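So this block is model36.pdb, PDB, C-alpha atoms:
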```pdb
MODEL        1
ATOM      1  CA  MET A   9     111.617  68.491 109.870
ATOM      2  CA  ASN A  10     114.209  65.941 108.793
ATOM      3  CA  THR A  11     116.101  67.610 105.944
ATOM      4  CA  ALA A  12     117.432  64.313 104.575
ATOM      5  CA  ILE A  13     115.386  62.781 101.758
ATOM      6  CA  GLN A  14     115.589  59.019 101.381
ATOM      7  CA  ILE A  15     116.283  58.263  97.746
ATOM      8  CA  GLU A  16     113.529  55.641  97.806
ATOM      9  CA  GLU A  17     111.022  58.490  98.272
ATOM     10  CA  LEU A  18     111.718  59.529  94.679
ATOM     11  CA  SER A  19     110.662  56.232  93.099
ATOM     12  CA  HIS A  20     107.566  56.620  90.881
ATOM     13  CA  ASN A  21     107.051  60.107  92.367
ATOM     14  CA  THR A  22     105.300  62.138  89.671
ATOM     15  CA  PHE A  23     105.309  65.385  91.653
ATOM     16  CA  PHE A  24     109.029  65.175  92.327
ATOM     17  CA  TRP A  25     110.182  64.361  88.796
ATOM     18  CA  LYS A  26     108.001  66.990  87.192
ATOM     19  CA  TYR A  27     109.396  69.541  89.642
ATOM     20  CA  TYR A  28     112.943  68.298  89.107
ATOM     21  CA  PHE A  29     113.087  68.247  85.323
ATOM     22  CA  CYS A  30     111.619  71.758  85.189
ATOM     23  CA  TRP A  31     115.035  72.858  86.519
ATOM     24  CA  SER A  32     116.895  71.226  83.627
ATOM     25  CA  ARG A  33     118.010  72.941  80.436
ATOM     26  CA  GLY A  34     115.793  70.838  78.174
ATOM     27  CA  PHE A  35     113.591  72.366  75.523
ATOM     28  CA  ASP A  36     111.189  71.612  72.677
ATOM     29  CA  GLU A  37     113.170  72.597  69.606
ATOM     30  CA  LYS A  38     110.178  72.665  67.248
ATOM     31  CA  GLU A  39     107.822  74.705  69.432
ATOM     32  CA  GLU A  40     110.675  76.761  70.917
ATOM     33  CA  VAL A  41     109.551  76.348  74.514
ATOM     34  CA  ASN A  42     111.628  75.504  77.581
ATOM     35  CA  ILE A  43     111.124  72.218  79.369
ATOM     36  CA  ASP A  44     109.005  73.697  82.165
ATOM     37  CA  GLU A  45     106.374  74.553  79.549
ATOM     38  CA  ALA A  46     106.913  71.291  77.695
ATOM     39  CA  LEU A  47     106.266  69.352  80.908
ATOM     40  CA  GLU A  48     102.751  70.736  81.063
ATOM     41  CA  VAL A  49     101.834  67.603  79.084
ATOM     42  CA  VAL A  50     102.191  65.772  82.426
ATOM     43  CA  GLU A  51      98.783  66.596  83.859
ATOM     44  CA  ILE A  52      98.640  66.793  87.634
ATOM     45  CA  ASN A  53      96.519  68.610  90.171
ATOM     46  CA  GLU A  54      98.462  71.874  90.474
ATOM     47  CA  THR A  55      97.018  72.752  93.878
ATOM     48  CA  GLU A  56      98.040  69.383  95.290
ATOM     49  CA  ALA A  57     101.422  69.646  93.580
ATOM     50  CA  TYR A  58     102.151  73.060  95.075
ATOM     51  CA  GLU A  59     101.178  71.899  98.567
ATOM     52  CA  TRP A  60     103.320  68.786  98.192
ATOM     53  CA  GLU A  61     106.258  70.899  96.975
ATOM     54  CA  ARG A  62     105.934  73.373  99.847
ATOM     55  CA  ILE A  63     105.996  70.622 102.443
ATOM     56  CA  PHE A  64     108.501  68.285 100.737
ATOM     57  CA  PHE A  65     111.118  70.977 100.179
ATOM     58  CA  ASN A  66     110.537  72.635 103.546
ATOM     59  CA  TYR A  67     109.820  76.045 101.994
ATOM     60  CA  ASP A  68     109.130  77.552 105.420
ATOM     61  CA  ASP A  69     112.775  77.003 106.380
ATOM     62  CA  ILE A  70     114.540  76.241 103.096
ATOM     63  CA  GLU A  71     117.066  79.074 103.409
ATOM     64  CA  GLU A  72     118.471  77.754 106.685
ATOM     65  CA  ASN A  73     117.726  74.054 106.273
ATOM     66  CA  PRO A  74     117.541  72.970 102.625
ATOM     67  CA  ARG A  75     116.535  69.409 101.971
ATOM     68  CA  TYR A  76     118.945  67.024 100.318
ATOM     69  CA  VAL A  77     119.269  63.449  99.133
ATOM     70  CA  ALA A  78     122.586  61.724  99.757
ATOM     71  CA  GLY A  79     124.082  58.277  99.895
ATOM     72  CA  ARG A  80     127.077  56.034  99.427
ATOM     73  CA  ILE A  81     127.342  54.271  96.076
ATOM     74  CA  ASN A  82     130.364  52.165  97.007
ATOM     75  CA  ASP A  83     133.365  52.392  99.317
ATOM     76  CA  ASN A  84     135.002  55.037  97.140
ATOM     77  CA  LEU A  85     132.054  57.089  95.937
ATOM     78  CA  ASN A  86     129.258  59.015  97.610
ATOM     79  CA  PHE A  87     126.860  61.669  96.345
ATOM     80  CA  ALA A  88     124.654  64.491  97.565
ATOM     81  CA  VAL A  89     122.034  66.608  95.809
ATOM     82  CA  GLU A  90     120.954  69.693  97.757
ATOM     83  CA  PHE A  91     117.695  71.517  96.996
ATOM     84  CA  ALA A  92     118.552  75.101  97.928
ATOM     85  CA  GLU A  93     116.193  78.051  97.572
ATOM     86  CA  TYR A  94     117.212  79.091  94.065
ATOM     87  CA  GLU A  95     119.300  76.189  92.789
ATOM     88  CA  ILE A  96     119.970  72.478  93.017
ATOM     89  CA  ASN A  97     123.587  71.689  93.938
ATOM     90  CA  PHE A  98     125.446  68.459  93.157
ATOM     91  CA  PHE A  99     128.354  66.842  94.988
ATOM     92  CA  LEU A 100     130.474  63.712  94.552
ATOM     93  CA  ASN A 101     132.639  62.759  97.535
ATOM     94  CA  ASP A 102     131.750  66.156  99.007
ATOM     95  CA  ILE A 103     133.250  67.850  95.916
ATOM     96  CA  TYR A 104     131.008  70.333  94.122
ATOM     97  CA  ILE A 105     130.336  69.282  90.505
ATOM     98  CA  GLY A 106     127.684  71.789  89.419
ATOM     99  CA  ASN A 107     124.177  73.106  89.854
ATOM    100  CA  LEU A 108     120.855  73.597  88.139
ATOM    101  CA  GLY A 109     119.519  77.114  88.420
ATOM    102  CA  GLY A 110     119.829  80.550  86.920
ATOM    103  CA  HIS A 111     123.635  80.462  86.944
ATOM    104  CA  PHE A 112     123.841  76.756  86.168
ATOM    105  CA  GLU A 113     126.987  74.671  85.893
ATOM    106  CA  ALA A 114     126.265  71.390  84.156
ATOM    107  CA  TRP A 115     127.693  69.038  81.477
ATOM    108  CA  PHE A 116     129.767  67.210  84.089
ATOM    109  CA  PHE A 117     129.076  63.516  83.446
ATOM    110  CA  THR A 118     129.999  61.789  80.203
ATOM    111  CA  LEU A 119     127.570  59.346  78.609
ATOM    112  CA  ASP A 120     129.626  56.374  79.836
ATOM    113  CA  GLU A 121     129.660  57.772  83.366
ATOM    114  CA  LEU A 122     125.906  58.308  83.368
ATOM    115  CA  LEU A 123     125.250  54.800  82.033
ATOM    116  CA  SER A 124     127.402  53.340  84.801
ATOM    117  CA  PHE A 125     124.692  54.504  87.253
ATOM    118  CA  GLU A 126     121.874  52.812  85.378
ATOM    119  CA  LYS A 127     121.399  50.066  87.963
ATOM    120  CA  TYR A 128     120.435  52.881  90.385
ATOM    121  CA  PRO A 129     117.328  54.294  88.611
ATOM    122  CA  ASN A 130     116.721  57.286  90.892
ATOM    123  CA  LEU A 131     120.389  58.240  90.814
ATOM    124  CA  PHE A 132     120.463  57.861  87.033
ATOM    125  CA  LEU A 133     117.552  60.304  86.703
ATOM    126  CA  LEU A 134     119.078  62.731  89.213
ATOM    127  CA  PHE A 135     122.365  62.804  87.296
ATOM    128  CA  LEU A 136     120.712  62.966  83.868
ATOM    129  CA  PRO A 137     120.510  66.817  83.638
ATOM    130  CA  MET A 138     124.178  67.027  84.664
ATOM    131  CA  THR A 139     125.315  64.990  81.664
ATOM    132  CA  GLY A 140     126.957  66.193  78.457
ATOM    133  CA  ILE A 141     126.619  64.325  75.158
ATOM    134  CA  SER A 142     127.318  64.797  71.473
ATOM    135  CA  GLY A 143     124.437  64.953  69.001
ATOM    136  CA  ASP A 144     125.037  61.416  67.735
ATOM    137  CA  GLN A 145     124.831  60.039  71.288
ATOM    138  CA  LYS A 146     121.162  60.989  71.559
ATOM    139  CA  ALA A 147     120.201  57.713  69.883
ATOM    140  CA  ILE A 148     122.202  55.716  72.451
ATOM    141  CA  LEU A 149     120.805  57.474  75.500
ATOM    142  CA  LYS A 150     117.171  57.901  74.448
ATOM    143  CA  PRO A 151     115.989  54.290  74.959
ATOM    144  CA  VAL A 152     117.561  54.258  78.432
ATOM    145  CA  ILE A 153     115.775  57.489  79.373
ATOM    146  CA  LEU A 154     112.519  56.115  77.992
ATOM    147  CA  LYS A 155     112.838  52.990  80.131
ATOM    148  CA  HIS A 156     113.156  55.048  83.299
ATOM    149  CA  LEU A 157     110.547  57.695  82.426
ATOM    150  CA  ASN A 158     108.049  54.927  81.704
ATOM    151  CA  THR A 159     108.167  53.920  85.371
ATOM    152  CA  ILE A 160     106.877  57.345  86.478
ATOM    153  CA  PRO A 161     103.077  57.661  86.559
ATOM    154  CA  LYS A 162     101.734  60.219  84.055
ATOM    155  CA  PHE A 163     105.141  60.452  82.388
ATOM    156  CA  GLU A 164     104.782  57.197  80.481
ATOM    157  CA  ALA A 165     102.150  58.595  78.100
ATOM    158  CA  HIS A 166     104.544  61.355  77.013
ATOM    159  CA  SER A 167     107.944  59.756  77.610
ATOM    160  CA  GLU A 168     109.021  59.991  73.965
ATOM    161  CA  TYR A 169     108.376  63.731  73.837
ATOM    162  CA  ILE A 170     109.864  64.425  77.290
ATOM    163  CA  SER A 171     113.006  62.429  76.562
ATOM    164  CA  ASP A 172     113.552  64.415  73.340
ATOM    165  CA  CYS A 173     113.255  67.687  75.273
ATOM    166  CA  ILE A 174     115.683  66.492  77.958
ATOM    167  CA  LEU A 175     118.180  65.283  75.343
ATOM    168  CA  ASN A 176     118.135  68.666  73.590
ATOM    169  CA  GLY A 177     119.511  70.252  76.746
ATOM    170  CA  LEU A 178     122.345  67.741  77.126
ATOM    171  CA  VAL A 179     124.074  68.318  73.778
ATOM    172  CA  MET A 180     127.445  70.042  74.098
ATOM    173  CA  GLN A 181     129.081  72.311  71.557
ATOM    174  CA  SER A 182     132.462  70.619  72.006
ATOM    175  CA  PRO A 183     133.556  67.123  73.100
ATOM    176  CA  PHE A 184     135.148  65.863  76.282
ATOM    177  CA  LEU A 185     138.935  65.808  76.115
ATOM    178  CA  GLU A 186     141.503  63.545  77.772
ATOM    179  CA  ILE A 187     144.432  65.407  79.324
ATOM    180  CA  ASN A 188     147.504  63.634  80.663
ATOM    181  CA  ASP A 189     147.661  63.456  84.475
ATOM    182  CA  ILE A 190     144.204  65.051  84.756
ATOM    183  CA  GLY A 191     141.761  62.876  82.834
ATOM    184  CA  LEU A 192     138.543  63.975  81.193
ATOM    185  CA  THR A 193     137.868  67.694  80.781
ATOM    186  CA  ASN A 194     135.865  69.852  78.395
ATOM    187  CA  THR A 195     135.820  73.413  77.087
ATOM    188  CA  GLU A 196     132.103  73.977  77.584
ATOM    189  CA  ASN A 197     130.988  77.183  79.256
ATOM    190  CA  HIS A 198     129.201  76.528  82.555
ATOM    191  CA  SER A 199     130.942  73.212  83.210
ATOM    192  CA  VAL A 200     133.075  72.411  86.254
ATOM    193  CA  ARG A 201     135.105  70.128  83.985
ATOM    194  CA  ASN A 202     136.185  73.132  81.896
ATOM    195  CA  ILE A 203     139.433  73.628  83.769
ATOM    196  CA  THR A 204     140.743  75.975  81.075
ATOM    197  CA  ASP A 205     138.217  78.655  81.998
ATOM    198  CA  TYR A 206     137.838  77.500  85.605
ATOM    199  CA  PRO A 207     141.334  76.419  86.736
ATOM    200  CA  ARG A 208     140.188  76.482  90.377
ATOM    201  CA  TYR A 209     138.449  73.145  89.708
ATOM    202  CA  LYS A 210     141.541  71.378  88.311
ATOM    203  CA  GLU A 211     142.627  69.508  91.438
ATOM    204  CA  GLU A 212     139.175  68.265  92.336
ATOM    205  CA  VAL A 213     138.340  67.278  88.747
ATOM    206  CA  THR A 214     141.555  65.247  88.658
ATOM    207  CA  ILE A 215     140.554  63.421  91.845
ATOM    208  CA  LEU A 216     137.040  62.671  90.594
ATOM    209  CA  ASN A 217     138.281  61.528  87.190
ATOM    210  CA  LYS A 218     140.267  58.716  88.821
ATOM    211  CA  ILE A 219     137.335  57.677  90.991
ATOM    212  CA  LEU A 220     134.820  57.722  88.140
ATOM    213  CA  PHE A 221     137.166  55.812  85.846
ATOM    214  CA  SER A 222     137.452  53.059  88.443
ATOM    215  CA  PHE A 223     133.684  53.061  89.027
ATOM    216  CA  ILE A 224     132.915  52.609  85.330
ATOM    217  CA  ASN A 225     135.273  49.644  85.144
ATOM    218  CA  GLU A 226     133.649  48.076  88.204
ATOM    219  CA  GLN A 227     130.201  48.299  86.605
ATOM    220  CA  ARG A 228     131.245  46.564  83.383
TER     221      ARG A 228
ENDMDL
END
```

Using structure tokens, write down the structure that the file contains.
Amino acid sequence: MNTAIQIEELSHNTFFWKYYFCWSRGFDEKEEVNIDEALEVVEINETEAYEWERIFFNYDDIEENPRYVAGRINDNLNFAVEFAEYEINFFLNDIYIGNLGGHFEAWFFTLDELLSFEKYPNLFLLFLPMTGISGDQKAILKPVILKHLNTIPKFEAHSEYISDCILNGLVMQSPFLEINDIGLTNTENHSVRNITDYPRYKEEVTILNKILFSFINEQR
């Protein structure tokens, strides 16, 4: 089986996006349920979904040959998202930036960085759970999320509710910080950009900060 996933395969793919967002840290604050339970509002045939998942993610050989989606955004920036057995790993320019899973590392992208990918809808949605925002930024990001969720069959009827659950999982306890000669960092636990607690990431974060800064300016 070809382990590479073409990013176009994700467009309007209800099975994929329901599977994917179940890995995120979102939650329903009122009902106190995690996003995997909240996403039960997206009604699909569970038997068909499981069979699709087994085949799509190559479960028979996922340990040795995990599937991944990768591509080049421009001359200076490429990405890869790897669907391993127990986690989803994220890379920019072959540099690890975090994962979704039991020992997650998230809150990597700022709101401005995420919005710079908006012209690439599938990439925007892939990077969404890896984003960190402040509480007052929910109102800025929500209409953008709604626009993209409304393109996914069976999501559109519940996009308001799903977007609220996703946004709940993106809010950070502390803001991003600008450090001279390094760029943007944060002090959030479980974030690769927290170079105070994880100094091993300092060099690579510095490299990516310069690249992302340039990319944002190009998209304006």

Nearest to A:Phe112 by atom-to-atom distance, counting only C-alpha atoms, from A:Leu131, A:Ile190, A:Met138, A:Leu220 = A:Met138

Residues matched by the PyMOL selection byres ((chain A and resi 197) around 12) as a list in words = Gly106, His111, Phe112, Glu113, Ala114, Trp115, Phe116, Gly140, Met180, Gln181, Ser182, Thr193, Asn194, Thr195, Glu196, His198, Ser199, Val200, Arg201, Asn202, Ile203, Thr204, Asp205 and Tyr206 of chain A

Given the PyMOL selection byres ((chain A and resi 211) around 12), the residues it picks as a PyMOL selection string | chain A and resi 103-104+189-191+193+200-201+203+206-210+212-218

If you take only C-alpha atoms and a cut-off of 12 Å, which residues of stretch 31-120 of chain A touch stretch 149-153 of chain A, and what are their nearest atom pairs and distances in Å to one decimal, in chain and number order, as CSV?
```
residue,atom,partner,partner_atom,distance
A:Thr118,CA,A:Leu149,CA,11.2
A:Leu119,CA,A:Leu149,CA,7.7
A:Asp120,CA,A:Leu149,CA,9.9
```

Selection result of the PyMOL selection byres ((chain A and resi 35) around 12) on this file, as a ChimeraX atom specification = /A:29-34,36-47,169-179

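The gap separating atom CA of A:Asn158 from atom CA of A:Tyr94 is 28.6 Å, in Å to one decimal.
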
Coordinates-based distance that separates atom CA of A:Lys26 from atom CA of A:Phe98 (Å, one decimal) = 18.5 Å

Near stretch 75-83 of chain A, counting all atoms listed in the file, which residues have an atom at most 12 Å away, once you skip same-chain residues fewer than 5 positions from it, shown as a PDB file with C-alpha atoms, in the coordinates of the input?
```
ATOM      1  CA  MET A   9     111.617  68.491 109.870  1.00  0.00           C
ATOM      2  CA  ASN A  10     114.209  65.941 108.793  1.00  0.00           C
ATOM      3  CA  THR A  11     116.101  67.610 105.944  1.00  0.00           C
ATOM      4  CA  ALA A  12     117.432  64.313 104.575  1.00  0.00           C
ATOM      5  CA  ILE A  13     115.386  62.781 101.758  1.00  0.00           C
ATOM      6  CA  GLN A  14     115.589  59.019 101.381  1.00  0.00           C
ATOM      7  CA  ILE A  15     116.283  58.263  97.746  1.00  0.00           C
ATOM      8  CA  GLU A  16     113.529  55.641  97.806  1.00  0.00           C
ATOM      9  CA  GLU A  17     111.022  58.490  98.272  1.00  0.00           C
ATOM     10  CA  LEU A  18     111.718  59.529  94.679  1.00  0.00           C
ATOM     11  CA  GLU A  61     106.258  70.899  96.975  1.00  0.00           C
ATOM     12  CA  ARG A  62     105.934  73.373  99.847  1.00  0.00           C
ATOM     13  CA  ILE A  63     105.996  70.622 102.443  1.00  0.00           C
ATOM     14  CA  PHE A  64     108.501  68.285 100.737  1.00  0.00           C
ATOM     15  CA  PHE A  65     111.118  70.977 100.179  1.00  0.00           C
ATOM     16  CA  ASN A  66     110.537  72.635 103.546  1.00  0.00           C
ATOM     17  CA  TYR A  67     109.820  76.045 101.994  1.00  0.00           C
ATOM     18  CA  ASP A  68     109.130  77.552 105.420  1.00  0.00           C
ATOM     19  CA  ASP A  69     112.775  77.003 106.380  1.00  0.00           C
ATOM     20  CA  ILE A  70     114.540  76.241 103.096  1.00  0.00           C
ATOM     21  CA  ALA A  88     124.654  64.491  97.565  1.00  0.00           C
ATOM     22  CA  VAL A  89     122.034  66.608  95.809  1.00  0.00           C
ATOM     23  CA  GLU A  90     120.954  69.693  97.757  1.00  0.00           C
ATOM     24  CA  PHE A  91     117.695  71.517  96.996  1.00  0.00           C
ATOM     25  CA  ALA A  92     118.552  75.101  97.928  1.00  0.00           C
ATOM     26  CA  GLU A  93     116.193  78.051  97.572  1.00  0.00           C
ATOM     27  CA  GLU A  95     119.300  76.189  92.789  1.00  0.00           C
ATOM     28  CA  ILE A  96     119.970  72.478  93.017  1.00  0.00           C
ATOM     29  CA  ASN A  97     123.587  71.689  93.938  1.00  0.00           C
ATOM     30  CA  PHE A  98     125.446  68.459  93.157  1.00  0.00           C
ATOM     31  CA  PHE A  99     128.354  66.842  94.988  1.00  0.00           C
ATOM     32  CA  LEU A 100     130.474  63.712  94.552  1.00  0.00           C
ATOM     33  CA  ASN A 101     132.639  62.759  97.535  1.00  0.00           C
ATOM     34  CA  ASP A 102     131.750  66.156  99.007  1.00  0.00           C
ATOM     35  CA  SER A 124     127.402  53.340  84.801  1.00  0.00           C
ATOM     36  CA  PHE A 125     124.692  54.504  87.253  1.00  0.00           C
ATOM     37  CA  LYS A 127     121.399  50.066  87.963  1.00  0.00           C
ATOM     38  CA  TYR A 128     120.435  52.881  90.385  1.00  0.00           C
ATOM     39  CA  ASN A 130     116.721  57.286  90.892  1.00  0.00           C
ATOM     40  CA  LEU A 131     120.389  58.240  90.814  1.00  0.00           C
ATOM     41  CA  PHE A 132     120.463  57.861  87.033  1.00  0.00           C
ATOM     42  CA  LEU A 134     119.078  62.731  89.213  1.00  0.00           C
ATOM     43  CA  ILE A 219     137.335  57.677  90.991  1.00  0.00           C
ATOM     44  CA  LEU A 220     134.820  57.722  88.140  1.00  0.00           C
ATOM     45  CA  SER A 222     137.452  53.059  88.443  1.00  0.00           C
ATOM     46  CA  PHE A 223     133.684  53.061  89.027  1.00  0.00           C
ATOM     47  CA  ILE A 224     132.915  52.609  85.330  1.00  0.00           C
ATOM     48  CA  GLU A 226     133.649  48.076  88.204  1.00  0.00           C
ATOM     49  CA  GLN A 227     130.201  48.299  86.605  1.00  0.00           C
TER      50      GLN A 227
END
```

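From atom CA of A:Leu123 back to atom CA of A:His156, the distance works out to 12.2 Å.
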
Closest of A:Glu48, A:Glu72, A:Glu121, A:Glu164 to A:Phe135 - atom-to-atom distances counting all atoms listed in the file = A:Glu121

All file atoms of stretch 35-40 of chain A boxed axis-aligned, 5 Å per side, centre plus edges, as AutoDock Vina command-line options:
```
--center_x 110.7 --center_y 74.2 --center_z 71.4 --size_x 15.8 --size_y 15.1 --size_z 18.3
```

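Nearest to A:Glu54 of all the residues A:Thr22, A:Thr139, A:Asn188, A:Asn73 is A:Thr22, counting all atoms listed in the file.
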
Would you kindly return, as a PyMOL selection string, each protein, DNA or RNA residue with an atom no farther than 10 Å from any atom of A:Lys162, considering all atoms listed in the file and excluding same-chain residues fewer than 3 positions away?
-> chain A and resi 20-23+26+49-52+157-159+165-167

For C-alpha atoms, I'd like the residues from the last selection saved as a short mmCIF file (atom, residue, chain, number, x, y, z; two decimals), in the frame of the given file.
```cif
data_model
loop_
_atom_site.label_atom_id
_atom_site.label_comp_id
_atom_site.auth_asym_id
_atom_site.auth_seq_id
_atom_site.Cartn_x
_atom_site.Cartn_y
_atom_site.Cartn_z
CA HIS A 20 107.57 56.62 90.88
CA ASN A 21 107.05 60.11 92.37
CA THR A 22 105.30 62.14 89.67
CA PHE A 23 105.31 65.39 91.65
CA LYS A 26 108.00 66.99 87.19
CA VAL A 49 101.83 67.60 79.08
CA VAL A 50 102.19 65.77 82.43
CA GLU A 51 98.78 66.60 83.86
CA ILE A 52 98.64 66.79 87.63
CA LEU A 157 110.55 57.70 82.43
CA ASN A 158 108.05 54.93 81.70
CA THR A 159 108.17 53.92 85.37
CA ALA A 165 102.15 58.60 78.10
CA HIS A 166 104.54 61.36 77.01
CA SER A 167 107.94 59.76 77.61
#
```

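Nearest residue to A:Phe163, choosing from A:Trp25, A:Pro183, A:Gly110, A:Ala147 and counting all atoms listed in the file: A:Trp25.
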